[in-house]
Amino acid sequence: MKLSIMIDNYVRLVGIVDSLYYVYENSIIKTDSYKNLDKINLNKKRVDDIFSNYIVDKEFNDYIQFYINSFNNVFITNDLKAVDNILSQIEEGIYFVKQARYRIKSPESIMNKLAKYTDRKENGKIKINKCLNDLFGIRFIIDDYNKLRREFIDYLDIRINQEGKFRNKIKLTSKGYNDISPYIADHVYFSSRLNNNIFPIELQIWDSLNTELNERSHKIYKRGYMDWTNQYNDI
């Protein structure tokens with residue numbers, strides 16, 4: 001298959017998740033629960049505003065719980081069945097995806113991440129939408145991804161900067177490709193263009209050759225409360 005076609009297919013994957021997040025946002029903002037929610041600007045609120053002595057502020061804890069419930073309701077259980085829709089689109093032509101999985105972040109994992117940004121050099125002075133940008137996560141494991149990822153990233157960067165190509169704000173970060181790390185993956189984050197009070201979601205892209213090393217890295221990182229691999233479900 002031509003390189004350009006494969007790169008287009010990778011961008012299509014990003015587009016599928018972009019559409020999923022767009023559907024999610026437009027679904028919840030119409031609900032009474034959202035309309036009655038005391039909104040929190042996640043681009044201004046910081047970790048040290050809501051987390052102290054390993055305790056999450058009750059109001060913010062309730063806020064997180066609202067979004068965890070809404071991720072579950074919109075993505076997993078209601079009539080939209082957005083995650084099932086991802087699978088159907090993959091089956092229709094994105095055959096190179098070896099495995100597609102999803103998870104909603106557990107309370108233990110949320111607490112661990114807040115503590116991490118409190119104990120590190122940031123000392124809690126980091127925006128919530130940067131810290132908790134993965135309450136809902138999707139992971140695609142792709143054969144031979146590493147062979148094409150540089151071209152894909154360059155092309156995706158062009159598409160991100162083209163007005164109207166995606167419905168949401170999209171940011172890509174690479175882990176382990178540009179530094180020494182046991183975890184090697186690209187992460188794509190989707191956030192609302194209009195509402196700073198809605199949590200972002202995360203897409204992880206792994207090469208299948210990195211699977212064993214990445215899962216081992218996650219187990220070490222999560223050791224003491226829960227393995228990342230146990231949080232994920234097959235799509």
# chains A, B, ... in the order shown; residues from 1 in each chain; ligands from 1
>>> residues_around(residues="A:Ser181", least_positions_apart="4", cutoff="10 Å", atoms="only C-alpha atoms", output="PyMOL selection string")
chain A and resi 175-177+214+217
>>> closest_residue(among="A:Val17, A:Ala100, A:Val47, A:Leu156", to="A:Arg139", atoms="only C-alpha atoms")
A:Ala100
>>> residues_around(residues="stretch 30-42 of chain A", least_positions_apart="5", cutoff="10 Å", atoms="only C-alpha atoms", output="ChimeraX atom specification")
/A:25,47,59-60,63,66-67,70,127-133,195-200
>>> write_last_selection(atoms="N, CA, C and O atoms", output="PDB file, in the first residue's frame")
ATOM      1  N   GLU A  25     -19.472  15.921  23.437  1.00  0.00           N
ATOM      2  CA  GLU A  25     -19.691  17.279  23.935  1.00  0.00           C
ATOM      3  C   GLU A  25     -21.104  17.758  23.635  1.00  0.00           C
ATOM      4  O   GLU A  25     -21.797  18.301  24.507  1.00  0.00           O
ATOM      5  N   VAL A  47      -4.021  22.364  39.992  1.00  0.00           N
ATOM      6  CA  VAL A  47      -4.025  21.217  40.896  1.00  0.00           C
ATOM      7  C   VAL A  47      -3.986  21.669  42.349  1.00  0.00           C
ATOM      8  O   VAL A  47      -4.713  21.144  43.197  1.00  0.00           O
ATOM      9  N   GLU A  59     -16.124  19.647  46.138  1.00  0.00           N
ATOM     10  CA  GLU A  59     -16.822  20.187  44.978  1.00  0.00           C
ATOM     11  C   GLU A  59     -16.180  19.709  43.681  1.00  0.00           C
ATOM     12  O   GLU A  59     -16.875  19.328  42.729  1.00  0.00           O
ATOM     13  N   PHE A  60     -14.848  19.695  43.655  1.00  0.00           N
ATOM     14  CA  PHE A  60     -14.174  19.256  42.440  1.00  0.00           C
ATOM     15  C   PHE A  60     -14.285  17.745  42.270  1.00  0.00           C
ATOM     16  O   PHE A  60     -14.394  17.251  41.141  1.00  0.00           O
ATOM     17  N   TYR A  63     -17.388  17.166  40.645  1.00  0.00           N
ATOM     18  CA  TYR A  63     -17.269  17.606  39.256  1.00  0.00           C
ATOM     19  C   TYR A  63     -16.642  16.496  38.406  1.00  0.00           C
ATOM     20  O   TYR A  63     -17.122  16.191  37.305  1.00  0.00           O
ATOM     21  N   PHE A  66     -19.117  13.710  37.860  1.00  0.00           N
ATOM     22  CA  PHE A  66     -20.095  14.012  36.814  1.00  0.00           C
ATOM     23  C   PHE A  66     -19.547  13.617  35.445  1.00  0.00           C
ATOM     24  O   PHE A  66     -20.254  13.011  34.619  1.00  0.00           O
ATOM     25  N   TYR A  67     -18.284  13.937  35.188  1.00  0.00           N
ATOM     26  CA  TYR A  67     -17.712  13.640  33.886  1.00  0.00           C
ATOM     27  C   TYR A  67     -17.423  12.157  33.708  1.00  0.00           C
ATOM     28  O   TYR A  67     -17.592  11.612  32.607  1.00  0.00           O
ATOM     29  N   SER A  70     -20.691  10.816  32.802  1.00  0.00           N
ATOM     30  CA  SER A  70     -21.116  11.208  31.458  1.00  0.00           C
ATOM     31  C   SER A  70     -20.311  10.483  30.393  1.00  0.00           C
ATOM     32  O   SER A  70     -20.842  10.124  29.336  1.00  0.00           O
ATOM     33  N   LYS A 127      -2.224  23.499  35.326  1.00  0.00           N
ATOM     34  CA  LYS A 127      -3.643  23.563  35.012  1.00  0.00           C
ATOM     35  C   LYS A 127      -4.276  22.174  35.016  1.00  0.00           C
ATOM     36  O   LYS A 127      -3.671  21.196  34.602  1.00  0.00           O
ATOM     37  N   ILE A 128      -5.519  22.123  35.457  1.00  0.00           N
ATOM     38  CA  ILE A 128      -6.232  20.858  35.539  1.00  0.00           C
ATOM     39  C   ILE A 128      -6.358  20.194  34.173  1.00  0.00           C
ATOM     40  O   ILE A 128      -6.199  18.979  34.040  1.00  0.00           O
ATOM     41  N   ASN A 129      -6.633  20.981  33.136  1.00  0.00           N
ATOM     42  CA  ASN A 129      -6.852  20.363  31.825  1.00  0.00           C
ATOM     43  C   ASN A 129      -5.570  19.806  31.219  1.00  0.00           C
ATOM     44  O   ASN A 129      -5.608  19.113  30.208  1.00  0.00           O
ATOM     45  N   LYS A 130      -4.437  20.092  31.827  1.00  0.00           N
ATOM     46  CA  LYS A 130      -3.179  19.478  31.408  1.00  0.00           C
ATOM     47  C   LYS A 130      -2.880  18.246  32.250  1.00  0.00           C
ATOM     48  O   LYS A 130      -2.318  17.267  31.758  1.00  0.00           O
ATOM     49  N   CYS A 131      -3.270  18.303  33.514  1.00  0.00           N
ATOM     50  CA  CYS A 131      -3.036  17.178  34.416  1.00  0.00           C
ATOM     51  C   CYS A 131      -4.042  16.055  34.162  1.00  0.00           C
ATOM     52  O   CYS A 131      -3.664  14.911  33.925  1.00  0.00           O
ATOM     53  N   LEU A 132      -5.324  16.390  34.207  1.00  0.00           N
ATOM     54  CA  LEU A 132      -6.385  15.384  34.019  1.00  0.00           C
ATOM     55  C   LEU A 132      -6.937  15.483  32.592  1.00  0.00           C
ATOM     56  O   LEU A 132      -8.089  15.831  32.376  1.00  0.00           O
ATOM     57  N   ASN A 133      -6.078  15.156  31.648  1.00  0.00           N
ATOM     58  CA  ASN A 133      -6.461  15.239  30.236  1.00  0.00           C
ATOM     59  C   ASN A 133      -6.782  13.864  29.655  1.00  0.00           C
ATOM     60  O   ASN A 133      -6.885  13.702  28.435  1.00  0.00           O
ATOM     61  N   ASN A 195     -15.765  25.128  25.157  1.00  0.00           N
ATOM     62  CA  ASN A 195     -16.063  24.987  26.585  1.00  0.00           C
ATOM     63  C   ASN A 195     -14.828  24.541  27.365  1.00  0.00           C
ATOM     64  O   ASN A 195     -14.416  23.376  27.257  1.00  0.00           O
ATOM     65  N   ASN A 196     -14.257  25.450  28.148  1.00  0.00           N
ATOM     66  CA  ASN A 196     -13.086  25.117  28.957  1.00  0.00           C
ATOM     67  C   ASN A 196     -13.444  24.326  30.205  1.00  0.00           C
ATOM     68  O   ASN A 196     -12.562  23.992  30.997  1.00  0.00           O
ATOM     69  N   ASN A 197     -14.724  24.040  30.383  1.00  0.00           N
ATOM     70  CA  ASN A 197     -15.159  23.304  31.566  1.00  0.00           C
ATOM     71  C   ASN A 197     -15.335  21.810  31.283  1.00  0.00           C
ATOM     72  O   ASN A 197     -15.669  21.042  32.178  1.00  0.00           O
ATOM     73  N   ILE A 198     -15.098  21.371  30.041  1.00  0.00           N
ATOM     74  CA  ILE A 198     -15.262  19.977  29.667  1.00  0.00           C
ATOM     75  C   ILE A 198     -13.889  19.306  29.585  1.00  0.00           C
ATOM     76  O   ILE A 198     -12.983  19.804  28.931  1.00  0.00           O
ATOM     77  N   PHE A 199     -13.745  18.176  30.261  1.00  0.00           N
ATOM     78  CA  PHE A 199     -12.453  17.495  30.299  1.00  0.00           C
ATOM     79  C   PHE A 199     -12.046  16.977  28.917  1.00  0.00           C
ATOM     80  O   PHE A 199     -12.887  16.504  28.144  1.00  0.00           O
ATOM     81  N   PRO A 200     -10.757  17.047  28.607  1.00  0.00           N
ATOM     82  CA  PRO A 200     -10.245  16.462  27.362  1.00  0.00           C
ATOM     83  C   PRO A 200     -10.310  14.934  27.424  1.00  0.00           C
ATOM     84  O   PRO A 200     -10.578  14.341  28.471  1.00  0.00           O
TER      85      PRO A 200
END
>>> select_by_dssp(residues="stretch 9-199 of chain A", states="strand (DSSP E or B)", output="PyMOL selection string")
chain A and resi 46+51-52+55-56+97-104+127+136-142+169-175+185-191
>>> write_last_selection(atoms="C-alpha atoms", output="PDB file, in the first residue's frame")
ATOM      1  CA  ARG A  46      -4.827  24.433  39.070  1.00  0.00           C
ATOM      2  CA  PHE A  51      -5.827  18.963  45.927  1.00  0.00           C
ATOM      3  CA  SER A  52      -4.059  19.196  49.291  1.00  0.00           C
ATOM      4  CA  ILE A  55      -7.434  15.015  49.576  1.00  0.00           C
ATOM      5  CA  VAL A  56      -9.474  16.274  46.633  1.00  0.00           C
ATOM      6  CA  VAL A  97      -5.231  -1.675  13.876  1.00  0.00           C
ATOM      7  CA  LYS A  98      -4.127  -4.772  15.754  1.00  0.00           C
ATOM      8  CA  GLN A  99      -5.976  -3.861  18.940  1.00  0.00           C
ATOM      9  CA  ALA A 100      -8.370  -1.100  20.003  1.00  0.00           C
ATOM     10  CA  ARG A 101      -9.108  -0.565  23.687  1.00  0.00           C
ATOM     11  CA  TYR A 102     -10.675   2.059  25.959  1.00  0.00           C
ATOM     12  CA  ARG A 103     -10.908   2.883  29.630  1.00  0.00           C
ATOM     13  CA  ILE A 104     -12.418   5.414  32.021  1.00  0.00           C
ATOM     14  CA  LYS A 127      -3.643  23.563  35.012  1.00  0.00           C
ATOM     15  CA  PHE A 136     -11.381   8.830  29.097  1.00  0.00           C
ATOM     16  CA  GLY A 137      -8.709   7.104  27.035  1.00  0.00           C
ATOM     17  CA  ILE A 138      -8.574   5.097  23.820  1.00  0.00           C
ATOM     18  CA  ARG A 139      -5.584   3.059  22.733  1.00  0.00           C
ATOM     19  CA  PHE A 140      -4.794   1.844  19.222  1.00  0.00           C
ATOM     20  CA  ILE A 141      -2.017  -0.714  18.785  1.00  0.00           C
ATOM     21  CA  ILE A 142      -0.797  -0.741  15.189  1.00  0.00           C
ATOM     22  CA  LYS A 169      -8.571  21.358  19.592  1.00  0.00           C
ATOM     23  CA  ILE A 170      -5.956  18.654  19.062  1.00  0.00           C
ATOM     24  CA  LYS A 171      -2.498  18.362  20.588  1.00  0.00           C
ATOM     25  CA  LEU A 172       0.018  15.602  19.930  1.00  0.00           C
ATOM     26  CA  THR A 173       2.842  14.637  22.282  1.00  0.00           C
ATOM     27  CA  SER A 174       5.486  11.964  21.790  1.00  0.00           C
ATOM     28  CA  LYS A 175       6.821   9.859  24.651  1.00  0.00           C
ATOM     29  CA  ALA A 185       3.999   6.006  22.260  1.00  0.00           C
ATOM     30  CA  ASP A 186       2.301   8.989  20.685  1.00  0.00           C
ATOM     31  CA  HIS A 187      -0.564  10.617  22.589  1.00  0.00           C
ATOM     32  CA  VAL A 188      -3.224  12.751  20.941  1.00  0.00           C
ATOM     33  CA  TYR A 189      -5.384  14.950  23.193  1.00  0.00           C
ATOM     34  CA  PHE A 190      -8.795  16.280  22.177  1.00  0.00           C
ATOM     35  CA  SER A 191     -10.372  19.247  23.953  1.00  0.00           C
TER      36      SER A 191
END
